[in-house]
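Text of query_32.csv, listed as CSV, C-alpha atoms:
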chain,number,residue,atom,x,y,z
A,6,MET,CA,5.7,27.7,-4.9
A,7,GLU,CA,5.7,31.4,-4.0
A,8,TYR,CA,1.9,31.4,-4.0
A,9,VAL,CA,1.8,28.4,-1.7
A,10,SER,CA,4.0,30.2,0.8
A,11,GLY,CA,1.8,33.3,0.4
A,12,LEU,CA,-1.4,31.3,1.1
A,13,LEU,CA,0.2,29.7,4.1
A,14,GLY,CA,1.5,33.0,5.4
A,15,LEU,CA,5.0,33.6,6.6
A,16,GLY,CA,4.9,30.5,8.8
A,17,PRO,CA,6.4,27.1,8.0
A,18,LYS,CA,4.9,25.0,5.2
A,19,PRO,CA,3.5,21.4,6.0
A,20,HIS,CA,5.6,18.3,6.1
A,21,ALA,CA,4.8,15.6,3.6
A,22,LEU,CA,4.8,12.2,5.3
A,23,ILE,CA,5.0,8.9,3.5
A,24,LEU,CA,4.3,5.9,5.7
A,25,ALA,CA,6.2,2.8,4.4
A,26,ARG,CA,6.2,-0.2,6.6
A,27,GLY,CA,8.6,-3.0,5.9
A,28,GLY,CA,6.0,-5.7,6.4
A,29,SER,CA,3.6,-5.2,3.6
A,30,LYS,CA,1.6,-8.4,3.1
A,31,GLY,CA,-0.4,-8.2,-0.1
A,32,ILE,CA,2.7,-7.4,-2.2
A,33,PRO,CA,5.9,-8.2,-0.2
A,34,ARG,CA,8.3,-5.2,0.0
A,35,LYS,CA,5.7,-3.2,-2.0
A,36,ASN,CA,7.0,0.2,-1.0
A,37,ILE,CA,10.4,-0.3,-2.6
A,38,LYS,CA,9.4,-2.8,-5.3
A,39,PRO,CA,10.5,-1.4,-8.7
A,40,LEU,CA,7.8,0.2,-10.8
A,41,ASN,CA,9.2,0.5,-14.3
A,42,GLY,CA,12.6,0.1,-12.7
A,43,VAL,CA,12.2,2.7,-9.9
A,44,PRO,CA,11.2,1.9,-6.3
A,45,LEU,CA,7.5,2.7,-5.8
A,46,LEU,CA,7.9,5.3,-3.0
A,47,VAL,CA,10.4,7.3,-5.1
A,48,TYR,CA,7.6,8.6,-7.4
A,49,ASN,CA,5.9,10.4,-4.6
A,50,VAL,CA,9.1,11.6,-3.0
A,51,LYS,CA,10.1,13.2,-6.3
A,52,ALA,CA,6.7,14.8,-6.9
A,53,ALA,CA,6.5,16.2,-3.4
A,54,LEU,CA,10.0,17.6,-3.5
A,55,ALA,CA,9.3,19.2,-6.9
A,56,SER,CA,6.1,20.8,-5.7
A,57,GLY,CA,7.8,23.3,-3.4
A,58,ALA,CA,4.7,22.9,-1.1
A,59,PHE,CA,6.5,21.3,1.8
A,60,ASP,CA,9.2,22.2,4.3
A,61,ALA,CA,10.2,18.6,4.5
A,62,VAL,CA,9.4,15.4,2.6
A,63,VAL,CA,9.7,12.5,5.1
A,64,VAL,CA,9.5,8.8,4.8
A,65,SER,CA,8.6,7.0,8.0
A,66,SER,CA,9.5,3.3,8.2
A,67,ASP,CA,10.6,0.6,10.6
A,68,ASP,CA,12.8,-0.8,7.8
A,69,ASP,CA,16.4,0.4,7.3
A,70,GLU,CA,16.5,-0.6,3.6
A,71,ILE,CA,13.3,1.4,2.9
A,72,LEU,CA,14.8,4.4,4.8
A,73,ALA,CA,18.0,4.1,2.7
A,74,VAL,CA,16.0,4.2,-0.5
A,75,ALA,CA,14.1,7.2,0.7
A,76,GLU,CA,17.2,9.1,1.6
A,77,LYS,CA,18.8,8.4,-1.8
A,78,ALA,CA,15.6,9.8,-3.4
A,79,GLY,CA,16.0,13.0,-1.4
A,80,ALA,CA,13.6,12.4,1.5
A,81,THR,CA,14.2,12.8,5.2
A,82,PRO,CA,14.1,9.4,6.9
A,83,HIS,CA,12.2,8.9,10.1
A,84,LYS,CA,12.6,5.7,12.1
A,85,ARG,CA,9.0,4.5,12.9
A,86,SER,CA,8.4,2.8,16.2
A,87,ALA,CA,7.9,-0.9,16.2
A,88,GLU,CA,4.5,-0.4,17.9
A,89,SER,CA,3.2,1.9,15.2
A,90,ALA,CA,4.4,-0.4,12.5
A,91,LYS,CA,2.7,-3.6,13.5
A,92,ASP,CA,0.4,-5.4,11.0
A,93,THR,CA,-2.6,-4.3,13.1
A,94,ALA,CA,-1.5,-0.7,13.4
A,95,SER,CA,-3.5,2.0,11.6
A,96,SER,CA,-2.1,4.8,9.4
A,97,GLU,CA,-3.2,7.1,12.2
A,98,ALA,CA,-0.8,5.3,14.6
A,99,GLY,CA,2.0,6.1,12.1
A,100,LEU,CA,0.8,9.7,12.0
A,101,PHE,CA,0.9,10.1,15.7
A,102,ASP,CA,4.4,8.5,15.8
A,103,TYR,CA,5.6,11.3,13.6
A,104,VAL,CA,3.7,14.3,14.9
A,105,ASP,CA,4.5,13.4,18.5
A,106,ALA,CA,8.1,13.6,17.6
A,107,HIS,CA,7.5,17.1,16.0
A,108,PRO,CA,5.2,18.9,18.4
A,109,GLU,CA,5.9,22.2,16.6
A,110,LEU,CA,4.3,20.9,13.4
A,111,ALA,CA,1.0,22.7,12.7
A,112,VAL,CA,0.0,21.1,9.3
A,113,CYS,CA,0.9,17.7,7.9
A,114,CYS,CA,0.2,15.9,4.6
A,115,LEU,CA,-0.1,12.1,4.6
A,116,VAL,CA,1.1,10.9,1.2
A,117,GLN,CA,0.2,7.4,0.1
A,118,CYS,CA,3.0,5.9,-2.0
A,119,THR,CA,0.4,3.4,-3.4
A,120,SER,CA,-0.8,6.3,-5.6
A,121,PRO,CA,2.4,7.0,-7.7
A,122,LEU,CA,0.5,9.0,-10.3
A,123,THR,CA,0.2,12.1,-8.1
A,124,SER,CA,1.9,15.1,-9.6
A,125,ALA,CA,3.8,18.0,-8.2
A,126,ALA,CA,1.0,20.3,-9.3
A,127,ASP,CA,-1.6,18.2,-7.3
A,128,PHE,CA,0.5,18.7,-4.2
A,129,ARG,CA,0.8,22.4,-4.8
A,130,ASP,CA,-2.8,22.9,-5.6
A,131,GLY,CA,-4.0,20.7,-2.8
A,132,VAL,CA,-2.0,22.5,-0.1
A,133,ALA,CA,-3.0,25.9,-1.5
A,134,ALA,CA,-6.7,24.9,-1.4
A,135,PHE,CA,-6.4,23.7,2.1
A,136,SER,CA,-4.9,27.0,3.3
A,137,ARG,CA,-7.2,29.2,1.1
A,138,THR,CA,-10.4,27.7,2.4
A,139,GLY,CA,-9.4,27.7,6.1
A,140,ALA,CA,-10.0,24.0,6.3
A,141,ASP,CA,-9.1,21.6,9.1
A,142,SER,CA,-8.4,18.8,6.6
A,143,LEU,CA,-8.4,18.0,2.9
A,144,VAL,CA,-9.2,14.8,1.0
A,145,THR,CA,-8.3,14.0,-2.6
A,146,VAL,CA,-11.0,12.8,-4.9
A,147,VAL,CA,-11.7,11.8,-8.5
A,148,ARG,CA,-15.0,12.5,-10.3
A,149,THR,CA,-16.5,9.4,-11.9
A,150,HIS,CA,-19.8,8.7,-13.8
A,151,ARG,CA,-20.7,5.4,-12.3
A,152,PHE,CA,-24.0,4.1,-11.2
A,153,LEU,CA,-24.0,2.5,-7.7
A,154,TRP,CA,-26.1,-0.4,-6.6
A,155,LYS,CA,-26.7,-2.2,-3.3
A,156,LEU,CA,-28.0,-5.7,-2.7
A,157,GLY,CA,-30.5,-6.2,0.0
A,158,ALA,CA,-30.8,-9.2,2.4
A,159,ASP,CA,-33.3,-10.7,0.0
A,160,GLY,CA,-31.0,-10.4,-3.0
A,161,ALA,CA,-32.9,-7.5,-4.5
A,162,ALA,CA,-30.8,-4.8,-6.2
A,163,ALA,CA,-31.5,-1.2,-5.4
A,164,PRO,CA,-29.9,1.9,-7.2
A,165,GLN,CA,-28.1,4.2,-4.8
A,166,ASN,CA,-27.3,7.4,-6.8
A,167,TYR,CA,-29.8,7.5,-9.8
A,168,ASP,CA,-33.2,6.6,-11.0
A,169,PRO,CA,-33.1,3.9,-13.6
A,170,VAL,CA,-36.4,5.1,-15.1
A,171,LYS,CA,-34.8,8.5,-15.6
A,172,ARG,CA,-31.3,7.3,-16.5
A,173,PRO,CA,-29.2,10.5,-17.0
A,174,ARG,CA,-26.8,11.1,-19.9
A,175,ARG,CA,-23.2,11.5,-18.9
A,176,GLN,CA,-23.1,15.1,-20.1
A,177,ASP,CA,-26.2,16.0,-17.9
A,178,TRP,CA,-24.8,14.5,-14.7
A,179,ALA,CA,-22.1,15.9,-12.4
A,180,GLY,CA,-21.1,12.3,-11.4
A,181,GLU,CA,-19.8,11.2,-8.0
A,182,LEU,CA,-16.7,12.2,-6.1
A,183,ILE,CA,-14.7,9.2,-4.9
A,184,GLU,CA,-11.9,9.3,-2.4
A,185,ASN,CA,-8.7,8.2,-4.2
A,186,GLY,CA,-6.4,8.0,-1.2
A,187,ALA,CA,-3.6,10.0,-2.9
A,188,PHE,CA,-2.9,12.4,0.0
A,189,TYR,CA,-4.5,14.1,3.0
A,190,VAL,CA,-3.7,17.5,4.4
A,191,PHE,CA,-4.7,18.2,8.0
A,192,LYS,CA,-4.0,20.4,11.0
A,193,THR,CA,-2.2,18.4,13.6
A,194,ALA,CA,-4.5,20.0,16.3
A,195,ALA,CA,-7.5,18.4,14.4
A,196,LEU,CA,-5.7,15.1,14.3
A,197,ARG,CA,-5.1,15.2,18.0
A,198,ALA,CA,-8.7,16.2,18.8
A,199,SER,CA,-10.4,13.6,16.6
A,200,GLY,CA,-7.8,10.8,16.2
A,201,SER,CA,-8.4,10.9,12.5
A,202,ARG,CA,-6.7,12.4,9.4
A,203,LEU,CA,-10.1,13.8,8.3
A,204,SER,CA,-12.2,15.9,10.7
A,205,GLY,CA,-13.6,19.3,11.3
A,206,LYS,CA,-14.1,21.4,8.1
A,207,ILE,CA,-13.1,19.0,5.3
A,208,VAL,CA,-12.5,20.2,1.7
A,209,ALA,CA,-11.7,18.2,-1.4
A,210,HIS,CA,-9.0,18.5,-4.1
A,211,GLU,CA,-10.2,17.0,-7.4
A,212,MET,CA,-7.6,15.0,-9.3
A,213,PRO,CA,-7.4,13.5,-12.8
A,214,GLU,CA,-9.4,10.4,-13.6
A,215,GLU,CA,-6.4,8.1,-13.9
A,216,THR,CA,-5.4,8.8,-10.3
A,217,LEU,CA,-8.4,6.8,-9.1
A,218,ALA,CA,-6.1,3.7,-9.5
A,219,GLU,CA,-4.1,2.8,-6.4
A,220,ILE,CA,-2.0,-0.2,-5.7
A,221,ASP,CA,-3.6,-2.8,-3.4
A,222,SER,CA,-3.0,-6.0,-5.5
A,223,LEU,CA,-0.8,-7.3,-8.3
A,224,VAL,CA,-3.5,-6.6,-10.8
A,225,ASP,CA,-3.5,-2.9,-9.6
A,226,TRP,CA,0.3,-3.0,-10.0
A,227,GLN,CA,0.1,-4.1,-13.6
A,228,ILE,CA,-2.5,-1.4,-14.4
A,229,ILE,CA,-0.6,1.4,-12.8
A,230,GLU,CA,2.7,0.3,-14.3
A,231,GLY,CA,1.3,1.0,-17.7
A,232,LEU,CA,-0.3,4.3,-16.6
A,233,ALA,CA,3.0,5.4,-15.0
A,234,ALA,CA,5.0,4.5,-18.2
A,235,ALA,CA,2.6,6.6,-20.3
A,236,LYS,CA,2.6,9.5,-17.8
A,237,PHE,CA,6.3,9.8,-16.9
A,238,GLY,CA,8.1,8.4,-20.0
A,239,ASP,CA,11.9,8.3,-19.5
A,240,GLU,CA,11.9,10.8,-16.6
A,241,PRO,CA,12.3,8.2,-13.8
A,242,LYS,CA,15.5,6.9,-15.5
A,243,LYS,CA,17.1,10.2,-14.5
A,244,TRP,CA,16.4,9.6,-10.8
A,245,GLY,CA,19.5,7.4,-10.3
A,246,PHE,CA,17.8,4.0,-9.4
Give the structure from this file in C-alpha coordinates form.
Amino acid sequence: MEYVSGLLGLGPKPHALILARGGSKGIPRKNIKPLNGVPLLVYNVKAALASGAFDAVVVSSDDDEILAVAEKAGATPHKRSAESAKDTASSEAGLFDYVDAHPELAVCCLVQCTSPLTSAADFRDGVAAFSRTGADSLVTVVRTHRFLWKLGADGAAAPQNYDPVKRPRRQDWAGELIENGAFYVFKTAALRASGSRLSGKIVAHEMPEETLAEIDSLVDWQIIEGLAAAKFGDEPKKWGF
(Lines of atoms letter the chains of each structure in order from A and count residues from 1; the text may use other names and numbers.)
(Lines give C-alpha, C1' and ligand atoms only; values in the text may rest on other atoms or scores of the structure.)
Protein backbone atom coordinates (compact mmCIF):
# COMPACT_ATOMS: atom_id res chain seq x y z
CA MET A 1 0.00 0.00 0.00
CA GLU A 2 2.48 2.87 0.39
CA TYR A 3 3.10 2.90 -3.35
CA VAL A 4 -0.66 3.15 -3.98
CA SER A 5 -0.84 6.18 -1.73
CA GLY A 6 2.19 7.64 -3.49
CA LEU A 7 0.67 7.23 -6.92
CA LEU A 8 -2.58 8.78 -5.78
CA GLY A 9 -0.75 11.65 -4.13
CA LEU A 10 -1.53 12.85 -0.65
CA GLY A 11 -5.26 12.96 -1.25
CA PRO A 12 -7.79 10.32 -0.27
CA LYS A 13 -7.76 6.87 -1.84
CA PRO A 14 -10.84 5.54 -3.71
CA HIS A 15 -13.79 3.85 -2.11
CA ALA A 16 -14.45 0.25 -3.11
CA LEU A 17 -18.18 -0.19 -3.67
CA ILE A 18 -19.90 -3.58 -3.84
CA LEU A 19 -23.51 -3.45 -5.05
CA ALA A 20 -25.51 -6.30 -3.53
CA ARG A 21 -29.27 -6.17 -4.05
CA GLY A 22 -31.46 -8.44 -2.00
CA GLY A 23 -33.62 -9.43 -4.97
CA SER A 24 -31.21 -11.38 -7.17
CA LYS A 25 -33.23 -13.58 -9.53
CA GLY A 26 -30.96 -16.11 -11.26
CA ILE A 27 -29.60 -17.43 -7.96
CA PRO A 28 -31.85 -16.34 -5.05
CA ARG A 29 -29.95 -14.54 -2.26
CA LYS A 30 -26.81 -14.99 -4.37
CA ASN A 31 -24.79 -12.25 -2.70
CA ILE A 32 -24.78 -14.00 0.67
CA LYS A 33 -25.15 -17.60 -0.52
CA PRO A 34 -22.31 -19.63 1.04
CA LEU A 35 -19.44 -20.36 -1.34
CA ASN A 36 -17.41 -23.11 0.36
CA GLY A 37 -19.11 -22.10 3.61
CA VAL A 38 -18.55 -18.33 3.35
CA PRO A 39 -21.09 -15.76 2.03
CA LEU A 40 -20.15 -14.82 -1.53
CA LEU A 41 -19.65 -11.08 -0.98
CA VAL A 42 -17.18 -11.71 1.86
CA TYR A 43 -14.46 -12.84 -0.57
CA ASN A 44 -14.22 -9.44 -2.23
CA VAL A 45 -14.65 -7.54 1.03
CA LYS A 46 -11.65 -9.36 2.51
CA ALA A 47 -9.50 -8.91 -0.62
CA ALA A 48 -10.35 -5.21 -0.91
CA LEU A 49 -9.58 -4.59 2.77
CA ALA A 50 -6.29 -6.51 2.53
CA SER A 51 -5.21 -4.53 -0.53
CA GLY A 52 -4.77 -1.25 1.33
CA ALA A 53 -5.86 0.49 -1.88
CA PHE A 54 -9.08 1.99 -0.50
CA ASP A 55 -10.10 4.48 2.15
CA ALA A 56 -13.37 2.59 2.56
CA VAL A 57 -14.77 -0.77 1.47
CA VAL A 58 -18.52 -0.34 1.19
CA VAL A 59 -21.38 -2.75 0.56
CA SER A 60 -24.49 -1.04 -0.79
CA SER A 61 -27.75 -2.95 -0.41
CA ASP A 62 -31.46 -2.55 0.15
CA ASP A 63 -31.41 -5.70 2.30
CA ASP A 64 -30.68 -5.56 6.03
CA GLU A 65 -29.42 -9.15 6.21
CA ILE A 66 -26.87 -8.49 3.45
CA LEU A 67 -25.73 -5.31 5.20
CA ALA A 68 -25.29 -7.24 8.46
CA VAL A 69 -23.11 -9.85 6.72
CA ALA A 70 -21.09 -7.08 5.10
CA GLU A 71 -20.51 -5.31 8.40
CA LYS A 72 -19.43 -8.58 10.06
CA ALA A 73 -16.90 -9.02 7.26
CA GLY A 74 -15.45 -5.58 7.96
CA ALA A 75 -17.18 -3.50 5.29
CA THR A 76 -19.03 -0.23 5.75
CA PRO A 77 -22.76 -0.69 5.08
CA HIS A 78 -24.67 1.72 2.83
CA LYS A 79 -28.46 1.47 2.67
CA ARG A 80 -29.30 1.58 -1.03
CA SER A 81 -32.46 3.38 -2.06
CA ALA A 82 -35.43 1.29 -3.12
CA GLU A 83 -35.52 3.08 -6.48
CA SER A 84 -31.91 2.18 -7.32
CA ALA A 85 -32.42 -1.43 -6.21
CA LYS A 86 -35.36 -2.31 -8.48
CA ASP A 87 -35.06 -5.32 -10.77
CA THR A 88 -34.92 -2.93 -13.71
CA ALA A 89 -32.28 -0.65 -12.19
CA SER A 90 -28.80 -0.61 -13.72
CA SER A 91 -25.54 -0.86 -11.79
CA GLU A 92 -25.01 2.80 -12.69
CA ALA A 93 -28.17 3.63 -10.71
CA GLY A 94 -26.52 2.01 -7.70
CA LEU A 95 -23.33 3.96 -8.35
CA PHE A 96 -25.16 7.27 -8.46
CA ASP A 97 -27.05 6.37 -5.29
CA TYR A 98 -23.70 6.09 -3.51
CA VAL A 99 -21.65 8.88 -5.10
CA ASP A 100 -24.53 11.35 -4.70
CA ALA A 101 -24.41 10.60 -0.98
CA HIS A 102 -20.64 11.27 -1.01
CA PRO A 103 -20.12 14.32 -3.25
CA GLU A 104 -16.56 14.72 -1.96
CA LEU A 105 -15.52 11.36 -3.45
CA ALA A 106 -13.21 11.82 -6.46
CA VAL A 107 -12.51 8.20 -7.42
CA CYS A 108 -14.61 5.09 -6.90
CA CYS A 109 -14.11 1.39 -7.64
CA LEU A 110 -17.12 -0.73 -8.50
CA VAL A 111 -16.40 -4.28 -7.28
CA GLN A 112 -18.49 -7.19 -8.55
CA CYS A 113 -18.97 -9.82 -5.86
CA THR A 114 -19.81 -12.32 -8.62
CA SER A 115 -16.03 -12.41 -9.26
CA PRO A 116 -14.79 -13.83 -5.93
CA LEU A 117 -11.37 -14.85 -7.31
CA THR A 118 -10.12 -11.25 -7.37
CA SER A 119 -7.02 -10.88 -5.22
CA ALA A 120 -5.75 -8.07 -2.99
CA ALA A 121 -2.83 -7.69 -5.41
CA ASP A 122 -5.23 -7.14 -8.31
CA PHE A 123 -6.96 -4.32 -6.43
CA ARG A 124 -3.60 -2.72 -5.54
CA ASP A 125 -2.19 -3.03 -9.04
CA GLY A 126 -5.41 -1.90 -10.72
CA VAL A 127 -5.74 1.24 -8.61
CA ALA A 128 -2.04 1.99 -9.09
CA ALA A 129 -2.34 1.61 -12.89
CA PHE A 130 -5.39 3.86 -12.94
CA SER A 131 -3.51 6.64 -11.15
CA ARG A 132 -0.17 6.17 -12.91
CA THR A 133 -1.70 6.47 -16.39
CA GLY A 134 -3.88 9.51 -15.65
CA ALA A 135 -6.95 7.53 -16.76
CA ASP A 136 -10.58 8.50 -16.37
CA SER A 137 -11.60 4.87 -15.94
CA LEU A 138 -10.15 1.36 -15.78
CA VAL A 139 -11.58 -2.00 -16.88
CA THR A 140 -10.30 -5.43 -15.82
CA VAL A 141 -9.58 -7.95 -18.57
CA VAL A 142 -8.33 -11.49 -19.18
CA ARG A 143 -6.25 -12.53 -22.17
CA THR A 144 -7.65 -15.55 -24.03
CA HIS A 145 -6.66 -17.37 -27.19
CA ARG A 146 -10.09 -18.05 -28.63
CA PHE A 147 -11.23 -17.75 -32.21
CA LEU A 148 -14.45 -15.77 -32.60
CA TRP A 149 -17.14 -16.44 -35.20
CA LYS A 150 -20.37 -14.74 -36.23
CA LEU A 151 -23.41 -16.19 -37.99
CA GLY A 152 -24.94 -14.14 -40.76
CA ALA A 153 -28.65 -13.90 -41.55
CA ASP A 154 -28.20 -16.64 -44.15
CA GLY A 155 -26.60 -18.98 -41.61
CA ALA A 156 -23.10 -18.58 -43.02
CA ALA A 157 -20.31 -18.46 -40.41
CA ALA A 158 -17.62 -15.80 -40.67
CA PRO A 159 -14.42 -15.53 -38.58
CA GLN A 160 -14.09 -12.33 -36.59
CA ASN A 161 -10.52 -12.24 -35.30
CA TYR A 162 -8.39 -14.51 -37.49
CA ASP A 163 -7.91 -15.91 -40.97
CA PRO A 164 -8.70 -19.65 -41.01
CA VAL A 165 -6.39 -20.08 -44.01
CA LYS A 166 -3.53 -18.68 -41.93
CA ARG A 167 -4.51 -20.17 -38.57
CA PRO A 168 -2.02 -18.79 -36.02
CA ARG A 169 -0.23 -20.89 -33.45
CA ARG A 170 -1.01 -19.93 -29.85
CA GLN A 171 2.59 -18.88 -29.22
CA ASP A 172 2.54 -16.59 -32.26
CA TRP A 173 -0.68 -14.77 -31.34
CA ALA A 174 -1.24 -12.20 -28.57
CA GLY A 175 -4.86 -13.33 -28.21
CA GLU A 176 -7.88 -11.23 -27.26
CA LEU A 177 -8.56 -9.17 -24.15
CA ILE A 178 -12.00 -9.95 -22.71
CA GLU A 179 -13.72 -7.85 -20.03
CA ASN A 180 -14.10 -10.08 -16.97
CA GLY A 181 -16.26 -7.76 -14.86
CA ALA A 182 -14.15 -8.09 -11.70
CA PHE A 183 -13.89 -4.36 -10.93
CA TYR A 184 -13.97 -0.92 -12.51
CA VAL A 185 -12.13 2.18 -11.29
CA PHE A 186 -13.43 5.58 -12.40
CA LYS A 187 -13.39 9.25 -11.63
CA THR A 188 -16.75 10.30 -10.27
CA ALA A 189 -16.61 13.38 -12.51
CA ALA A 190 -16.37 11.08 -15.54
CA LEU A 191 -19.32 9.04 -14.27
CA ARG A 192 -21.40 12.18 -13.87
CA ALA A 193 -20.45 13.48 -17.33
CA SER A 194 -21.11 10.23 -19.20
CA GLY A 195 -23.55 8.28 -17.05
CA SER A 196 -21.25 5.27 -17.40
CA ARG A 197 -18.59 3.58 -15.29
CA LEU A 198 -16.34 3.48 -18.38
CA SER A 199 -15.69 6.70 -20.28
CA GLY A 200 -12.98 9.14 -21.29
CA LYS A 201 -9.47 7.71 -21.27
CA ILE A 202 -9.93 4.01 -20.47
CA VAL A 203 -7.05 1.75 -19.43
CA ALA A 204 -7.05 -1.98 -18.70
CA HIS A 205 -5.71 -4.12 -15.88
CA GLU A 206 -4.96 -7.66 -17.01
CA MET A 207 -5.86 -10.44 -14.57
CA PRO A 208 -5.11 -14.20 -14.40
CA GLU A 209 -6.98 -16.52 -16.76
CA GLU A 210 -9.10 -18.16 -14.05
CA THR A 211 -10.70 -14.81 -13.21
CA LEU A 212 -12.58 -14.85 -16.51
CA ALA A 213 -15.16 -16.96 -14.67
CA GLU A 214 -17.95 -14.99 -12.98
CA ILE A 215 -21.15 -16.15 -11.35
CA ASP A 216 -24.29 -15.71 -13.45
CA SER A 217 -25.76 -19.21 -13.15
CA LEU A 218 -25.65 -22.32 -10.96
CA VAL A 219 -23.22 -23.89 -13.41
CA ASP A 220 -20.91 -20.89 -12.93
CA TRP A 221 -21.31 -21.32 -9.18
CA GLN A 222 -20.14 -24.94 -9.29
CA ILE A 223 -17.13 -24.05 -11.42
CA ILE A 224 -16.06 -21.12 -9.26
CA GLU A 225 -16.60 -23.05 -6.05
CA GLY A 226 -13.93 -25.48 -7.18
CA LEU A 227 -11.58 -22.70 -8.33
CA ALA A 228 -12.06 -20.84 -5.04
CA ALA A 229 -11.32 -23.97 -2.99
CA ALA A 230 -8.08 -24.46 -4.92
CA LYS A 231 -7.06 -20.80 -4.67
CA PHE A 232 -7.91 -19.98 -1.06
CA GLY A 233 -7.59 -23.35 0.70
CA ASP A 234 -8.54 -23.09 4.38
CA GLU A 235 -8.10 -19.31 4.58
CA PRO A 236 -11.87 -18.51 4.40
CA LYS A 237 -12.44 -20.68 7.50
CA LYS A 238 -10.57 -18.03 9.49
CA TRP A 239 -13.04 -15.29 8.53
CA GLY A 240 -15.59 -16.16 11.21
CA PHE A 241 -18.52 -17.33 9.06
Contacts of range 15-131 of chain A with range 208-220 of chain A up to 9 Å, shortest pair per row, all atoms listed in the file, as CSV:
residue,atom,partner,partner_atom,distance
A:Cys118,CA,A:Ile220,CA,8.7
A:Thr119,CA,A:Ile220,CA,4.9
A:Ser120,CA,A:Glu219,CA,4.9
A:Pro121,CA,A:Glu219,CA,7.8
A:Leu122,CA,A:Thr216,CA,5.9
A:Thr123,CA,A:Thr216,CA,6.9
A:Asp127,CA,A:Met212,CA,7.1
A:Asp130,CA,A:His210,CA,7.7
A:Gly131,CA,A:His210,CA,5.6
Pick out the closest residue to Pro169 in chain A from this set: A:Ala61, A:Glu181, A:Phe152, A:Ala94. Count all atoms listed in the file.
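With all atoms listed in the file as the atom set, the closest residue is A:Phe152.
Computed from the coordinates, the CA of Arg197 in chain A to CA of Ala111 in chain A distance equals 11.0 Å.
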Measuring between all atoms listed in the file, which one of A:Lys192, A:Arg148, A:Lys91, A:His83 shows the shortest distance to Pro19 in chain A?
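Among the listed residues, the smallest separation from Pro19 in chain A belongs to A:Lys192.
The spacing separating CA of Ala58 in chain A from CA of Phe128 in chain A amounts to 6.7 Å.
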Figure out the distance between CA of Phe237 in chain A and CA of Val47 in chain A, please, to one decimal in Å.
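Rounded to one decimal, the two atoms are 12.7 Å apart.
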Please determine, counting all atoms listed in the file, which residue among A:Arg137, A:His107, A:Arg26, A:Lys35 has the shortest atom-to-atom distance to Ala90 in chain A.
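So, comparing all the options, the nearest one is A:Arg26.
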